[in-house]
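S.K.: I'd like to ask you about the structure that follows.
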Amino acid sequence: MGPGLANLSVRQLALLEKWLPGAEVERDHSWGLVQTTVLEMAYAGSLFIVKAGGDDDHHVERELHAHLNWLSPWTRLGRAPIMEHGDAAAKLLVTRYLPGELVLGSEHANAPATYREAGELLALLHAQTRITDDGYEKRENRKSLTWLDGAHRIASSTVHRLRAEIGSWPTPAALLVPTHGDWQPRNWLVHNGTVSIIDFGRAAMRPAYTDFTRLSVQDFRRDSQLESAFLDGYGADPRRTPAWHRTRVREAIGTAAWAYRVGDESFEAQGHRMIAEALASS
């Protein structure tokens, strides 16, 4: 069995052999903190990306749904990978390899032009459809309280304050659109000066402003020019709503608790900083 394939189930291996018989692993792109195995594979003179989820993985199913329903505005432009094969029950997805350099850690991560393009692409995703959901805010509050009920290193006094604040929030109906769920340079590629998008494992219907959370606490924070360029590309600022504060608090709780669970101490520290800053703005 080739490198990287050992994490795949018998069913996944059988499907992969059916779809790409004799394919060879070129590189293992797996992140390591989640159950998804990501492999770059060569078959019939072309490169493919294979994503295989573990027993408790939900990312591959969401990614399949995104490919089937929301990515055509990007794939028509060559700005997102095209799905070749997929099986939701087997938690297996195969896409065409999308060439490009990861923006994170590159010179493009500090270029306003990159963020302007990313804003334009996000606007295309969000514009496809929208629904009104009366229960969204209540569900998100319950998720945050569940994080606080679990294992984390958030101070007890802070937990008490967070619970009190969440309990005081209104729960109005929310307008939901297709969202990426992890919109940041880690999931952007640049090829020949053009930005493309990868990794749809957190894609779901949410308010548009939720796709601003990662950028707001990271890239926009370190350079306001990047924020201005992104908003110029996107065309508006959906964060201009009281719901944005509620999302900041929820995102902070989830970041700190999830990072503690998987042992990512630097991300956990970011989560604690996010909590402090969100509460300071209450």
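FYI, nothing fancy with the structure tokens labels: chains A, B, ... in order, residues from 1 per chain, ligands from 1 as they appear.
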For Gly100 in chain A, please output as number ranges by chain all residues within 8 Å (counting only C-alpha atoms; exclusion window: fewer than 3 positions along the same chain).
M.R.: A: 189-192, 196
S.K.: Please produce a file of the residues just selected, as a PDB file, in the first residue's frame, where the atoms kept are N, CA and C atoms.
M.R.:
```pdb
ATOM      1  N   LEU A 189      -5.417  29.955  -3.465  1.00  0.00           N
ATOM      2  CA  LEU A 189      -4.255  29.700  -4.302  1.00  0.00           C
ATOM      3  C   LEU A 189      -4.066  30.863  -5.266  1.00  0.00           C
ATOM      4  N   VAL A 190      -2.817  31.112  -5.673  1.00  0.00           N
ATOM      5  CA  VAL A 190      -2.527  32.067  -6.745  1.00  0.00           C
ATOM      6  C   VAL A 190      -1.758  31.338  -7.833  1.00  0.00           C
ATOM      7  N   HIS A 191      -2.260  31.449  -9.056  1.00  0.00           N
ATOM      8  CA  HIS A 191      -1.601  30.835 -10.208  1.00  0.00           C
ATOM      9  C   HIS A 191      -1.630  31.840 -11.359  1.00  0.00           C
ATOM     10  N   ASN A 192      -0.455  32.207 -11.851  1.00  0.00           N
ATOM     11  CA  ASN A 192      -0.347  33.203 -12.912  1.00  0.00           C
ATOM     12  C   ASN A 192      -1.095  34.489 -12.555  1.00  0.00           C
ATOM     13  N   SER A 196      -7.605  31.487  -6.769  1.00  0.00           N
ATOM     14  CA  SER A 196      -8.573  30.393  -6.811  1.00  0.00           C
ATOM     15  C   SER A 196      -8.823  29.898  -5.387  1.00  0.00           C
TER      16      SER A 196
END
```
S.K.: I need the residues in range 2-175 of chain A that are strand (DSSP E) according to DSSP; give them as a PyMOL selection string.
M.R.: chain A and resi 24-28+37-43+46-52+83-87+92-96+101-102+131-133+174-175
S.K.: Excluding Leu122 in chain A and residues on its chain fewer than 3 positions from it, collect all residues at most 12 Å away from it, counting only C-alpha atoms, and give them as a tab-separated table (two decimals) with C-alpha atoms, in the first residue's frame.
M.R.:
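New file part.tsv:
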```tsv
chain	number	residue	atom	x	y	z
A	70	TRP	CA	-22.59	25.98	-5.07
A	71	LEU	CA	-19.24	25.96	-6.87
A	73	PRO	CA	-19.78	30.29	-10.42
A	74	TRP	CA	-16.12	29.53	-9.65
A	79	ARG	CA	-11.22	29.31	-9.95
A	80	ALA	CA	-12.14	26.16	-8.01
A	115	TYR	CA	-7.78	40.33	-1.17
A	116	ARG	CA	-9.69	42.30	-3.79
A	117	GLU	CA	-9.95	39.17	-5.93
A	118	ALA	CA	-10.91	37.07	-2.91
A	119	GLY	CA	-13.67	39.55	-2.12
A	125	LEU	CA	-20.65	32.50	-3.87
A	126	HIS	CA	-22.94	34.49	-1.60
A	127	ALA	CA	-25.11	35.87	-4.42
A	128	GLN	CA	-26.42	32.49	-5.61
A	177	VAL	CA	-26.44	32.27	1.95
A	178	PRO	CA	-23.95	29.63	0.75
A	179	THR	CA	-20.74	30.19	2.72
A	180	HIS	CA	-17.25	28.72	2.54
A	181	GLY	CA	-16.83	28.53	6.32
A	182	ASP	CA	-13.03	28.96	6.43
A	183	TRP	CA	-12.41	31.95	4.19
A	184	GLN	CA	-8.77	32.93	4.62
A	188	TRP	CA	-6.63	30.49	-1.44
A	195	VAL	CA	-6.74	33.72	-7.12
A	196	SER	CA	-8.57	30.39	-6.81
A	197	ILE	CA	-10.32	28.68	-3.91
A	208	ALA	CA	-22.76	36.22	4.76
A	209	TYR	CA	-20.81	37.96	7.53
A	210	THR	CA	-19.65	34.65	8.99
A	211	ASP	CA	-17.18	34.36	6.10
A	212	PHE	CA	-15.50	37.51	7.43
A	230	PHE	CA	-11.38	42.97	0.24
A	231	LEU	CA	-14.45	45.14	0.83
A	232	ASP	CA	-13.85	46.87	-2.48
A	233	GLY	CA	-13.94	43.49	-4.20
A	234	TYR	CA	-16.90	42.19	-2.23
A	235	GLY	CA	-18.91	45.36	-2.74
A	236	ALA	CA	-20.40	45.82	0.75
```
S.K.: Can you list every residue in range 12-221 of chain A that DSSP puts in alpha helix (DSSP H), as an MDAnalysis selection string?
M.R.: chainID A and resid 12:19 59:69 72:75 112:126 136:149 156:168 213:217 219:221
S.K.: Between CA of Leu279 in chain A and CA of His245 in chain A, what is the spacing in Å?
M.R.: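 Computed distance, CA of His245 in chain A to CA of Leu279 in chain A, equals 9.2 Å.
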S.K.: Residues near Glu265 in chain A, anyone? I mean within 12 Å using only C-alpha atoms, not counting same-chain ones fewer than 4 positions away, as a list in words.
M.R.: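 My list of contacting residues is Leu33, His152, Arg153, Thr255, Ala256, Ala257, Trp258, Ala259, Tyr260, Arg261, Ala269, Gln270, Gly271 and His272 of chain A.
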S.K.: Could you name the residues that touch Pro207 in chain A at 10 Å or less, counting only C-alpha atoms, but leaving out those on the same chain fewer than 3 positions away, as a list in words?
M.R.: His126, Arg130, Ile131, Thr132, Asp133, Tyr136, Ala174, Leu175, Leu176, Val177, Pro178, Thr179, Ala204, Thr210, Asp211, Pro238, Arg239, Ala243, Trp244 and Thr247 of chain A
S.K.: If you count only C-alpha atoms, which residues fall within 10 Å of Ala42 in chain A, apart from same-chain ones fewer than 6 positions away, as a list in words?
M.R.: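 Returned residues: Leu20, Gly22, Ala23, Glu24, Val25, Glu26, Arg27, Phe48, Ile49 and Tyr97 of chain A.
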S.K.: Take the residues from that selection and write them out as a PDB file, in the first residue's frame, keeping N, CA and C atoms.
M.R.:
```pdb
ATOM      1  N   LEU A  20      -9.761   5.505 -10.142  1.00  0.00           N
ATOM      2  CA  LEU A  20      -8.417   5.851 -10.613  1.00  0.00           C
ATOM      3  C   LEU A  20      -7.514   4.627 -10.511  1.00  0.00           C
ATOM      4  N   GLY A  22      -4.754   2.095 -10.348  1.00  0.00           N
ATOM      5  CA  GLY A  22      -3.311   2.175 -10.418  1.00  0.00           C
ATOM      6  C   GLY A  22      -2.734   3.547 -10.133  1.00  0.00           C
ATOM      7  N   ALA A  23      -3.559   4.486  -9.646  1.00  0.00           N
ATOM      8  CA  ALA A  23      -3.063   5.840  -9.363  1.00  0.00           C
ATOM      9  C   ALA A  23      -1.968   5.800  -8.306  1.00  0.00           C
ATOM     10  N   GLU A  24      -1.018   6.712  -8.422  1.00  0.00           N
ATOM     11  CA  GLU A  24       0.111   6.783  -7.507  1.00  0.00           C
ATOM     12  C   GLU A  24       0.043   8.049  -6.666  1.00  0.00           C
ATOM     13  N   VAL A  25       0.362   7.919  -5.378  1.00  0.00           N
ATOM     14  CA  VAL A  25       0.389   9.070  -4.486  1.00  0.00           C
ATOM     15  C   VAL A  25       1.628   9.904  -4.780  1.00  0.00           C
ATOM     16  N   GLU A  26       1.413  11.186  -5.073  1.00  0.00           N
ATOM     17  CA  GLU A  26       2.511  12.115  -5.319  1.00  0.00           C
ATOM     18  C   GLU A  26       2.888  12.881  -4.051  1.00  0.00           C
ATOM     19  N   ARG A  27       1.867  13.209  -3.241  1.00  0.00           N
ATOM     20  CA  ARG A  27       2.124  14.014  -2.045  1.00  0.00           C
ATOM     21  C   ARG A  27       0.952  13.889  -1.080  1.00  0.00           C
ATOM     22  N   PHE A  48      -4.761  14.574  -9.481  1.00  0.00           N
ATOM     23  CA  PHE A  48      -6.042  14.650  -8.792  1.00  0.00           C
ATOM     24  C   PHE A  48      -5.806  14.859  -7.295  1.00  0.00           C
ATOM     25  N   ILE A  49      -6.820  15.398  -6.632  1.00  0.00           N
ATOM     26  CA  ILE A  49      -6.815  15.489  -5.180  1.00  0.00           C
ATOM     27  C   ILE A  49      -7.878  14.533  -4.649  1.00  0.00           C
ATOM     28  N   TYR A  97      -6.810  18.292  -9.897  1.00  0.00           N
ATOM     29  CA  TYR A  97      -5.806  19.114  -9.216  1.00  0.00           C
ATOM     30  C   TYR A  97      -5.876  20.538  -9.747  1.00  0.00           C
TER      31      TYR A  97
END
```
S.K.: Separation of CA of Pro172 in chain A and CA of Leu148 in chain A, in Å?
M.R.: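 Between these atoms lies a distance of 22.6 Å.
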S.K.: Looking at only C-alpha atoms, which of A:Leu77, A:Thr171, A:Ile82, A:Lys91 is the one that sits closest to Leu13 in chain A?
M.R.: A:Lys91
S.K.: Given the choices A:Met83, A:Ala173, A:Leu145, A:Ala151, which gets closest to Glu251 in chain A if the distance is worked out from only C-alpha atoms?
M.R.: A:Leu145
S.K.: Hey, which of A:Ala278, A:Asp223, A:Arg273, A:Val249 ends up closest to Asn110 in chain A? Count only C-alpha atoms.
M.R.: A:Asp223
S.K.: Find the residue from A:Gly150, A:Gly135, A:Gly86, A:Gly201 that sits nearest to Leu15 in chain A; use only C-alpha atoms when measuring.
M.R.: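 So, comparing all the options, the nearest one is A:Gly86.
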S.K.: Please provide as a list in words all residues within 8 Å of Thr37 in chain A, with the sequence filter that same-chain residues fewer than 2 positions apart are discarded (counting only C-alpha atoms).
M.R.: Gly4, Asn7, Leu8, Asp28, His29, Ser30, Trp31, Gln35, Leu39, Val50, Lys51, Ala52 and Gly53 of chain A
S.K.: Please measure the separation of CA of Val38 in chain A and CA of Leu5 in chain A, giving the value in Å to one decimal.
M.R.: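 It comes out at 9.7 Å.
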